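Visitor: Below is query_30.tsv; it holds TSV, C-alpha atoms.
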```tsv
chain	number	residue	atom	x	y	z
A	26	LYS	CA	69.91	102.09	92.87
A	27	MET	CA	69.69	105.41	94.66
A	28	ARG	CA	70.29	105.73	98.37
A	29	GLY	CA	69.35	108.37	100.90
A	30	LEU	CA	70.62	109.62	104.23
A	31	ARG	CA	68.28	111.73	106.34
A	32	GLY	CA	69.25	113.93	109.27
A	33	THR	CA	71.22	117.05	110.17
A	34	VAL	CA	74.02	118.06	107.77
A	35	VAL	CA	76.87	120.35	108.84
A	36	HIS	CA	79.41	121.71	106.35
A	37	CYS	CA	81.47	124.71	105.20
A	38	PRO	CA	80.56	125.44	101.57
A	39	SER	CA	83.07	128.29	101.25
A	40	LYS	CA	86.88	128.18	101.46
A	41	GLN	CA	86.88	131.74	102.78
A	42	ILE	CA	87.70	131.95	106.48
A	43	GLY	CA	84.95	133.56	108.49
A	44	ASN	CA	82.04	132.64	106.23
A	45	GLY	CA	80.74	130.31	108.89
A	46	ILE	CA	79.37	126.81	109.20
A	47	VAL	CA	76.10	125.88	107.54
A	48	VAL	CA	73.70	123.62	109.44
A	49	ILE	CA	70.87	121.97	107.48
A	50	GLU	CA	68.27	120.26	109.62
A	51	ASN	CA	65.82	117.66	108.28
A	52	ALA	CA	67.95	117.19	105.17
A	53	LEU	CA	67.87	114.30	102.73
A	54	VAL	CA	71.24	113.51	101.11
A	55	VAL	CA	70.67	111.74	97.78
A	56	ILE	CA	73.48	109.36	96.73
A	57	ASN	CA	73.80	107.60	93.38
A	58	ASP	CA	75.20	104.18	92.44
A	59	ASP	CA	78.75	105.53	92.30
A	60	GLY	CA	78.57	106.84	95.87
A	61	VAL	CA	78.37	110.44	94.67
A	62	ILE	CA	76.10	112.95	96.42
A	63	VAL	CA	73.82	114.28	93.70
A	64	GLU	CA	71.61	116.53	95.82
A	65	VAL	CA	70.89	117.70	99.34
A	66	VAL	CA	67.15	118.26	99.80
A	67	ARG	CA	66.26	120.70	102.58
A	68	GLU	CA	63.42	120.62	105.10
A	69	VAL	CA	62.17	117.11	104.45
A	70	CYS	CA	59.52	116.61	107.14
A	71	ASP	CA	57.84	113.36	108.18
A	72	ASP	CA	54.74	114.18	106.13
A	73	SER	CA	56.70	114.62	102.91
A	74	ILE	CA	59.45	112.00	103.22
A	75	SER	CA	57.59	109.27	101.29
A	76	LYS	CA	56.88	111.58	98.36
A	77	VAL	CA	60.48	112.86	98.26
A	78	LEU	CA	61.92	109.33	98.37
A	79	LYS	CA	59.68	108.27	95.51
A	80	SER	CA	60.72	111.27	93.40
A	81	TYR	CA	64.38	110.20	93.69
A	82	HIS	CA	63.62	106.48	93.26
A	83	ILE	CA	64.91	105.69	96.76
A	84	GLU	CA	63.35	102.58	98.28
A	85	ASP	CA	62.66	102.51	102.01
A	86	HIS	CA	65.37	99.91	102.72
A	87	ASN	CA	67.94	102.21	101.06
A	88	LEU	CA	67.25	105.07	103.46
A	89	LEU	CA	69.44	105.60	106.54
A	90	THR	CA	68.04	107.96	109.18
A	91	LEU	CA	70.41	109.52	111.69
A	92	ASP	CA	69.56	109.77	115.37
A	93	LYS	CA	68.46	113.21	116.59
A	94	ASP	CA	71.81	113.84	118.32
A	95	HIS	CA	73.91	112.79	115.30
A	96	VAL	CA	75.15	114.96	112.44
A	97	LEU	CA	76.59	114.26	108.99
A	98	MET	CA	79.70	116.24	108.06
A	99	PRO	CA	82.44	115.99	105.41
A	100	GLY	CA	85.32	113.67	106.22
A	101	PHE	CA	88.83	114.90	106.93
A	102	VAL	CA	91.43	114.75	104.14
A	103	ASP	CA	95.06	113.97	105.07
A	104	VAL	CA	97.18	115.15	102.13
A	105	HIS	CA	100.54	113.82	103.37
A	106	LEU	CA	100.74	110.55	105.23
A	107	HIS	CA	103.61	108.05	105.48
A	108	ALA	CA	101.71	104.81	105.97
A	109	PRO	CA	104.58	102.60	107.28
A	110	GLN	CA	105.54	105.20	109.89
A	111	TYR	CA	102.30	104.50	111.71
A	112	PHE	CA	104.22	101.61	113.28
A	113	PHE	CA	106.18	104.04	115.49
A	114	THR	CA	103.63	106.84	115.82
A	115	GLY	CA	104.29	109.12	118.79
A	116	THR	CA	107.88	107.92	119.29
A	117	ALA	CA	111.31	108.41	117.69
A	118	THR	CA	111.33	112.20	117.98
A	119	ASP	CA	114.84	112.57	119.40
A	120	ARG	CA	116.91	113.00	116.20
A	121	PRO	CA	117.21	115.52	113.34
A	122	LEU	CA	115.78	114.53	109.97
A	123	MET	CA	118.60	112.61	108.28
A	124	ASP	CA	119.63	110.79	111.47
A	125	TRP	CA	115.96	110.04	112.10
A	126	LEU	CA	115.55	108.57	108.62
A	127	ASN	CA	118.59	106.32	108.94
A	128	HIS	CA	118.00	105.27	112.55
A	129	TYR	CA	114.23	104.78	112.63
A	130	THR	CA	112.44	105.25	109.33
A	131	PHE	CA	114.44	103.32	106.75
A	132	PRO	CA	114.88	100.23	108.99
A	133	THR	CA	111.14	100.19	109.69
A	134	GLU	CA	110.13	100.72	106.08
A	135	SER	CA	112.49	97.94	104.92
A	136	ARG	CA	110.48	95.46	107.02
A	137	PHE	CA	107.44	95.96	104.80
A	138	GLY	CA	109.21	94.25	101.93
A	139	GLN	CA	110.40	91.37	104.09
A	140	ASN	CA	107.16	90.41	105.83
A	141	ALA	CA	103.82	90.53	104.00
A	142	GLU	CA	101.82	89.75	107.16
A	143	PHE	CA	103.51	92.61	109.00
A	144	ALA	CA	102.66	95.03	106.19
A	145	GLU	CA	99.03	93.94	106.07
A	146	GLU	CA	98.65	94.17	109.85
A	147	VAL	CA	100.11	97.68	110.10
A	148	TYR	CA	98.16	98.99	107.13
A	149	ASN	CA	94.88	97.55	108.38
A	150	LYS	CA	95.38	99.16	111.79
A	151	LEU	CA	96.27	102.49	110.19
A	152	VAL	CA	93.31	102.68	107.81
A	153	CYS	CA	90.85	101.56	110.50
A	154	LYS	CA	92.21	104.17	112.92
A	155	LEU	CA	91.94	106.93	110.32
A	156	LEU	CA	88.38	106.03	109.37
A	157	ALA	CA	87.34	105.74	113.02
A	158	ASN	CA	88.54	109.32	113.55
A	159	GLY	CA	86.89	110.75	110.43
A	160	THR	CA	89.71	110.73	107.86
A	161	THR	CA	87.89	109.47	104.79
A	162	THR	CA	90.57	110.45	102.24
A	163	ALA	CA	94.35	110.05	102.52
A	164	VAL	CA	97.32	110.67	100.25
A	165	TYR	CA	99.87	107.98	101.08
A	166	PHE	CA	103.58	107.42	100.84
A	167	ALA	CA	104.06	103.65	101.12
A	168	THR	CA	107.53	102.05	100.74
A	169	ILE	CA	109.78	101.09	97.83
A	170	HIS	CA	108.18	97.64	97.69
A	171	ALA	CA	105.56	97.00	94.99
A	172	ASN	CA	103.85	94.12	96.82
A	173	ALA	CA	103.51	95.98	100.11
A	174	THR	CA	102.25	99.09	98.30
A	175	MET	CA	99.62	97.00	96.53
A	176	THR	CA	98.65	95.60	99.95
A	177	LEU	CA	98.00	99.16	101.16
A	178	ALA	CA	95.84	99.76	98.10
A	179	ASP	CA	93.92	96.53	98.77
A	180	VAL	CA	93.31	97.52	102.39
A	181	CYS	CA	92.02	100.97	101.44
A	182	ALA	CA	89.73	99.42	98.84
A	183	SER	CA	88.33	96.83	101.25
A	184	ARG	CA	87.80	99.38	104.04
A	185	GLY	CA	86.19	101.96	101.74
A	186	GLN	CA	88.68	104.77	102.26
A	187	ARG	CA	89.35	107.08	99.33
A	188	ALA	CA	93.11	107.04	98.76
A	189	PHE	CA	96.00	108.12	96.60
A	190	ILE	CA	98.61	105.35	96.85
A	191	GLY	CA	102.28	106.07	96.15
A	192	LYS	CA	105.08	103.54	95.81
A	193	VAL	CA	108.16	105.38	97.06
A	194	ASN	CA	111.11	105.69	94.64
A	195	MET	CA	114.72	105.74	95.93
A	196	ASP	CA	117.75	104.82	93.79
A	197	ARG	CA	120.65	106.60	95.55
A	198	ASN	CA	121.94	107.75	98.98
A	199	SER	CA	119.95	105.05	100.77
A	200	PRO	CA	120.84	102.04	102.95
A	201	GLU	CA	122.00	98.88	101.19
A	202	ASN	CA	118.87	97.02	102.27
A	203	TYR	CA	116.53	99.84	101.29
A	204	ILE	CA	117.46	101.07	97.83
A	205	GLU	CA	116.38	100.34	94.27
A	206	ASP	CA	117.93	100.01	90.87
A	207	THR	CA	116.60	102.79	88.62
A	208	GLU	CA	115.05	100.44	86.10
A	209	ALA	CA	113.55	98.21	88.77
A	210	SER	CA	112.06	101.24	90.51
A	211	LEU	CA	110.28	102.31	87.33
A	212	LEU	CA	109.00	98.81	86.54
A	213	ALA	CA	107.69	98.39	90.10
A	214	THR	CA	105.95	101.76	89.87
A	215	GLU	CA	104.23	100.73	86.66
A	216	GLN	CA	103.17	97.46	88.31
A	217	VAL	CA	101.56	99.35	91.20
A	218	VAL	CA	99.79	101.75	88.84
A	219	SER	CA	98.39	98.82	86.86
A	220	HIS	CA	97.26	97.00	90.00
A	221	ILE	CA	95.41	100.01	91.39
A	222	ARG	CA	93.70	100.78	88.10
A	223	SER	CA	92.67	97.13	87.67
A	224	LYS	CA	90.41	97.49	90.70
A	225	GLY	CA	88.17	99.81	88.70
A	226	LEU	CA	87.37	102.11	91.62
A	227	GLY	CA	87.90	105.33	89.69
A	228	ASN	CA	88.56	108.36	91.87
A	229	MET	CA	88.09	106.31	95.03
A	230	LEU	CA	91.52	104.70	94.58
A	231	LEU	CA	94.26	106.38	92.54
A	232	PRO	CA	98.00	105.82	92.02
A	233	ILE	CA	100.34	108.74	92.64
A	234	ILE	CA	103.98	109.04	91.55
A	235	THR	CA	106.14	109.33	94.68
A	236	PRO	CA	109.87	110.10	94.43
A	237	ARG	CA	110.85	110.43	98.09
A	238	PHE	CA	112.96	113.55	97.60
A	239	VAL	CA	115.91	114.79	95.54
A	240	PRO	CA	118.68	113.36	97.80
A	241	THR	CA	117.47	109.78	97.23
A	242	CYS	CA	116.51	110.03	93.54
A	243	THR	CA	118.86	110.33	90.57
A	244	PRO	CA	118.08	112.87	87.83
A	245	GLU	CA	117.40	109.97	85.46
A	246	LEU	CA	114.81	108.47	87.80
A	247	LEU	CA	113.10	111.83	88.31
A	248	LEU	CA	112.95	112.51	84.57
A	249	ARG	CA	111.51	109.10	83.78
A	250	LEU	CA	108.98	109.27	86.61
A	251	GLY	CA	107.91	112.66	85.28
A	252	ALA	CA	107.49	111.18	81.83
A	253	LEU	CA	105.43	108.32	83.27
A	254	ALA	CA	103.21	110.76	85.15
A	255	ALA	CA	102.66	112.85	82.03
A	256	ARG	CA	101.97	109.83	79.83
A	257	GLU	CA	99.51	108.22	82.23
A	258	GLY	CA	97.93	111.39	83.64
A	259	LEU	CA	99.08	110.70	87.21
A	260	HIS	CA	99.41	112.95	90.23
A	261	VAL	CA	102.88	113.50	91.76
A	262	GLN	CA	103.99	114.03	95.38
A	263	SER	CA	107.37	114.48	97.06
A	264	HIS	CA	109.17	116.60	99.70
A	265	ILE	CA	110.83	120.00	99.57
A	266	SER	CA	113.17	121.23	102.34
A	267	GLU	CA	111.19	119.62	105.14
A	268	SER	CA	113.96	120.07	107.74
A	269	ASN	CA	113.56	123.87	107.74
```
Once you've parsed the file, please lay out its structure as structure tokens.
Guide:
Amino acid sequence: KMRGLRGTVVHCPSKQIGNGIVVIENALVVINDDGVIVEVVREVCDDSISKVLKSYHIEDHNLLTLDKDHVLMPGFVDVHLHAPQYFFTGTATDRPLMDWLNHYTFPTESRFGQNAEFAEEVYNKLVCKLLANGTTTAVYFATIHANATMTLADVCASRGQRAFIGKVNMDRNSPENYIEDTEASLLATEQVVSHIRSKGLGNMLLPIITPRFVPTCTPELLLRLGALAAREGLHVQSHISESN
């Protein structure tokens, strides 16, 4: 079934700075079964709306009309987001990077593997907050735990946020209670990839290979994660010199 959204559309069709914002009044946004915008019809007045809806096979009950003072605009995209760190957002800013990781971040992230209810609560609050403020796509670092990472994927799927979900990989230079065996890290990554793909959401929910950074990943782990990414056609994310 086709759906339609009628109202004022605001967007920036060009990546070039200074090309301006485009405002389309009385627009009809045509959306297909997969949630993809297939066309934006301009200047759809009251007299012509019925004819236009019929031409796109949109039934009246599948049309949403915005209020006069509302606008439709593209959602924000957050391309680097550490989901578990939402727990201490706005705090823990008093230490340099490595001290900060060991004092605040790693202890917090380790909790996500110990308490499933805690992980689900934090991730639900995070995704709801992002969506409420217009972030409709996010690229996530989760934790080293497969189950908690799959929980994040489940939350994004249920809330309707487009997401790239990464199970973090760390097999050296990490706390005793927050480190992986190389083989276990790879197997857990494959488990997360399989879980996300089993949901059948296509580009709405994608796995992404996520070695935290070179200090916490052995060369063997990095090579094998790279091979996994190449074999499965997966995206990759990490960090480079973020303390500079």
Visitor: Quick one: of A:Asn57, A:Asn172, A:Thr243, A:Ser80, who's nearest to Thr207 of chain A, counting only C-alpha atoms?
Guide: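 Once distances to Thr207 of chain A are computed over only C-alpha atoms, the minimum belongs to A:Thr243.
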Visitor: What's the 9 Å shell around Ile46 of chain A, counting only C-alpha atoms, without same-chain residues fewer than 4 positions away, as a list in words?
Guide: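 In the requested format, the answer is Val35, His36, Cys37, Pro38 and Ser39 of chain A.
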Visitor: Could you tell me, as a ChimeraX atom specification, which residues have any atom at most 12 Å from (89.2, 103.6, 99.1), counting all atoms listed in the file?
Guide: /A:60,152-153,156,160-165,177-190,221,224-232
Visitor: Hey, which of A:Val102, A:Met195, A:Met175, A:Val77 ends up closest to Asn158 of chain A? Count only C-alpha atoms.
Guide: A:Val102
Visitor: Return the single residue from A:Ser135, A:His82, A:Val104, A:Ala167 that is closest to Glu201 of chain A, with distances computed using all atoms listed in the file.
Guide: A:Ser135
Visitor: Using Å and a single decimal, report how far atom CA of Ile233 of chain A sits from atom CA of His264 of chain A.
Guide: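 Atom CA of Ile233 of chain A lies 13.8 Å from atom CA of His264 of chain A.
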Visitor: Out of A:Pro132, A:Pro109, A:Gly45, A:Pro240, which residue has the shortest atom-to-atom distance to Thr176 of chain A when counting only C-alpha atoms?
Guide: A:Pro109
Visitor: Give me the residues within 12 Å of Ala209 of chain A as a ChimeraX atom specification, counting only C-alpha atoms and dropping any in the same chain fewer than 6 places off.
Guide: /A:169-171,194-196,215-216,246
Visitor: Just the residues within 6 Å of Thr241 of chain A, please, counting all atoms listed in the file, with nothing from its chain fewer than 2 positions along; format it as a short mmCIF file (atom, residue, chain, number, x, y, z; two decimals) with C-alpha atoms, in the coordinates of the input.
Guide:
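The resulting around.cif:
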```cif
data_model
loop_
_atom_site.label_atom_id
_atom_site.label_comp_id
_atom_site.auth_asym_id
_atom_site.auth_seq_id
_atom_site.Cartn_x
_atom_site.Cartn_y
_atom_site.Cartn_z
CA MET A 195 114.72 105.74 95.93
CA ARG A 197 120.65 106.60 95.55
CA ASN A 198 121.94 107.75 98.98
CA PHE A 238 112.96 113.55 97.60
CA VAL A 239 115.91 114.79 95.54
#
```
Visitor: Expressed in Å to a single decimal, how great is the separation between atom CA of Tyr81 of chain A and atom CA of Ile62 of chain A?
Guide: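 According to the coordinates, atom CA of Tyr81 of chain A and atom CA of Ile62 of chain A are separated by 12.3 Å.
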Visitor: Could you tell me how far atom CA of Leu253 of chain A lies from atom CA of Phe166 of chain A, in Å and to one decimal?
Guide: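 Distance reported for this atom pair: 17.7 Å.
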Visitor: Please determine, counting only C-alpha atoms, which residue among A:Gly251, A:Glu145, A:Val55, A:Pro244 has the shortest atom-to-atom distance to Leu89 of chain A.
Guide: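 Among A:Gly251, A:Glu145, A:Val55, A:Pro244, it is A:Val55 that comes nearest to Leu89 of chain A.
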Visitor: Find, counting all atoms listed in the file, the residue in A:Gly258, A:Gly32, A:Pro236, A:Gly100 that gets nearest to Ala157 of chain A.
Guide: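 Going through A:Gly258, A:Gly32, A:Pro236, A:Gly100 one by one, the smallest distance to Ala157 of chain A is for A:Gly100.
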Visitor: Name the residues, using the chain letters and numbers of the file, that sit within 9 Å of (67.3, 113.1, 105.9) when counting all atoms listed in the file, and give them as number ranges by chain.
Guide: A: 29-34, 50-55, 65-70, 74, 88-91
Visitor: With a distance cut-off of 8 Å and all atoms listed in the file, select the neighbouring residues of Ile234 of chain A, excluding the residue or stretch itself and same-chain residues fewer than 2 positions from it, and output the selection as a PyMOL selection string.
Guide: chain A and resi 191-193+214+232+236+250+254+259-262
Visitor: Could those residues be written to a file, using C-alpha atoms, as an mmCIF file, in the coordinates of the input?
Guide:
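Listing of out.cif after writing:
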```cif
data_model
loop_
_atom_site.group_PDB
_atom_site.id
_atom_site.type_symbol
_atom_site.label_atom_id
_atom_site.label_comp_id
_atom_site.auth_asym_id
_atom_site.auth_seq_id
_atom_site.Cartn_x
_atom_site.Cartn_y
_atom_site.Cartn_z
ATOM 1 C CA GLY A 191 102.280 106.070 96.150
ATOM 2 C CA LYS A 192 105.080 103.540 95.810
ATOM 3 C CA VAL A 193 108.160 105.380 97.060
ATOM 4 C CA THR A 214 105.950 101.760 89.870
ATOM 5 C CA PRO A 232 98.000 105.820 92.020
ATOM 6 C CA PRO A 236 109.870 110.100 94.430
ATOM 7 C CA LEU A 250 108.980 109.270 86.610
ATOM 8 C CA ALA A 254 103.210 110.760 85.150
ATOM 9 C CA LEU A 259 99.080 110.700 87.210
ATOM 10 C CA HIS A 260 99.410 112.950 90.230
ATOM 11 C CA VAL A 261 102.880 113.500 91.760
ATOM 12 C CA GLN A 262 103.990 114.030 95.380
#
```
Visitor: Would you mind listing what lies within 12 Å of Ala117 of chain A as number ranges by chain, with all atoms listed in the file counted and same-chain residues fewer than 6 positions away left out?
Guide: A: 110-111, 124-130, 133
Visitor: Since the input lacks some atoms of segment 192-217 of chain A, please model N, CA and C atoms and print them as a short mmCIF file (atom, residue, chain, number, x, y, z; two decimals), in the coordinates of the input.
Guide:
```cif
data_model
loop_
_atom_site.label_atom_id
_atom_site.label_comp_id
_atom_site.auth_asym_id
_atom_site.auth_seq_id
_atom_site.Cartn_x
_atom_site.Cartn_y
_atom_site.Cartn_z
N LYS A 192 103.90 104.36 95.57
CA LYS A 192 105.08 103.54 95.81
C LYS A 192 106.29 104.46 95.83
N VAL A 193 107.02 104.48 96.91
CA VAL A 193 108.16 105.38 97.06
C VAL A 193 109.28 104.95 96.12
N ASN A 194 109.97 105.95 95.53
CA ASN A 194 111.11 105.69 94.64
C ASN A 194 112.39 106.22 95.27
N MET A 195 113.43 105.37 95.33
CA MET A 195 114.72 105.74 95.93
C MET A 195 115.82 104.93 95.24
N ASP A 196 116.70 105.58 94.48
CA ASP A 196 117.75 104.82 93.79
C ASP A 196 119.16 105.36 94.07
N ARG A 197 119.31 106.17 95.14
CA ARG A 197 120.65 106.60 95.55
C ARG A 197 120.61 107.11 97.00
N ASN A 198 121.80 107.21 97.62
CA ASN A 198 121.94 107.75 98.98
C ASN A 198 120.98 107.11 99.97
N SER A 199 120.85 105.79 99.89
CA SER A 199 119.95 105.05 100.77
C SER A 199 120.67 103.81 101.29
N PRO A 200 120.19 103.23 102.40
CA PRO A 200 120.84 102.04 102.95
C PRO A 200 120.88 100.88 101.95
N GLU A 201 121.84 100.00 102.12
CA GLU A 201 122.00 98.88 101.19
C GLU A 201 120.75 98.00 101.12
N ASN A 202 120.07 97.88 102.25
CA ASN A 202 118.87 97.02 102.27
C ASN A 202 117.58 97.79 101.99
N TYR A 203 117.73 99.05 101.59
CA TYR A 203 116.53 99.84 101.29
C TYR A 203 116.84 100.83 100.17
N ILE A 204 117.12 100.28 99.01
CA ILE A 204 117.46 101.07 97.83
C ILE A 204 117.06 100.28 96.59
N GLU A 205 116.81 101.00 95.49
CA GLU A 205 116.38 100.34 94.27
C GLU A 205 117.34 100.63 93.13
N ASP A 206 117.36 99.73 92.17
CA ASP A 206 117.93 100.01 90.87
C ASP A 206 116.94 100.90 90.11
N THR A 207 117.46 101.83 89.33
CA THR A 207 116.60 102.79 88.62
C THR A 207 115.55 102.08 87.77
N GLU A 208 115.97 101.14 86.99
CA GLU A 208 115.05 100.44 86.10
C GLU A 208 114.01 99.65 86.89
N ALA A 209 114.47 98.99 87.94
CA ALA A 209 113.55 98.21 88.77
C ALA A 209 112.53 99.12 89.46
N SER A 210 112.96 100.29 89.86
CA SER A 210 112.06 101.24 90.51
C SER A 210 110.93 101.65 89.57
N LEU A 211 111.28 101.90 88.32
CA LEU A 211 110.28 102.31 87.33
C LEU A 211 109.32 101.16 87.01
N LEU A 212 109.86 99.96 86.85
CA LEU A 212 109.00 98.81 86.54
C LEU A 212 108.05 98.52 87.70
N ALA A 213 108.54 98.63 88.93
CA ALA A 213 107.69 98.39 90.10
C ALA A 213 106.60 99.45 90.20
N THR A 214 106.94 100.68 89.86
CA THR A 214 105.95 101.76 89.87
C THR A 214 104.84 101.48 88.87
N GLU A 215 105.22 101.06 87.68
CA GLU A 215 104.23 100.73 86.66
C GLU A 215 103.35 99.57 87.10
N GLN A 216 103.94 98.60 87.80
CA GLN A 216 103.17 97.46 88.31
C GLN A 216 102.12 97.92 89.31
N VAL A 217 102.51 98.84 90.19
CA VAL A 217 101.56 99.35 91.20
C VAL A 217 100.44 100.14 90.52
#
```
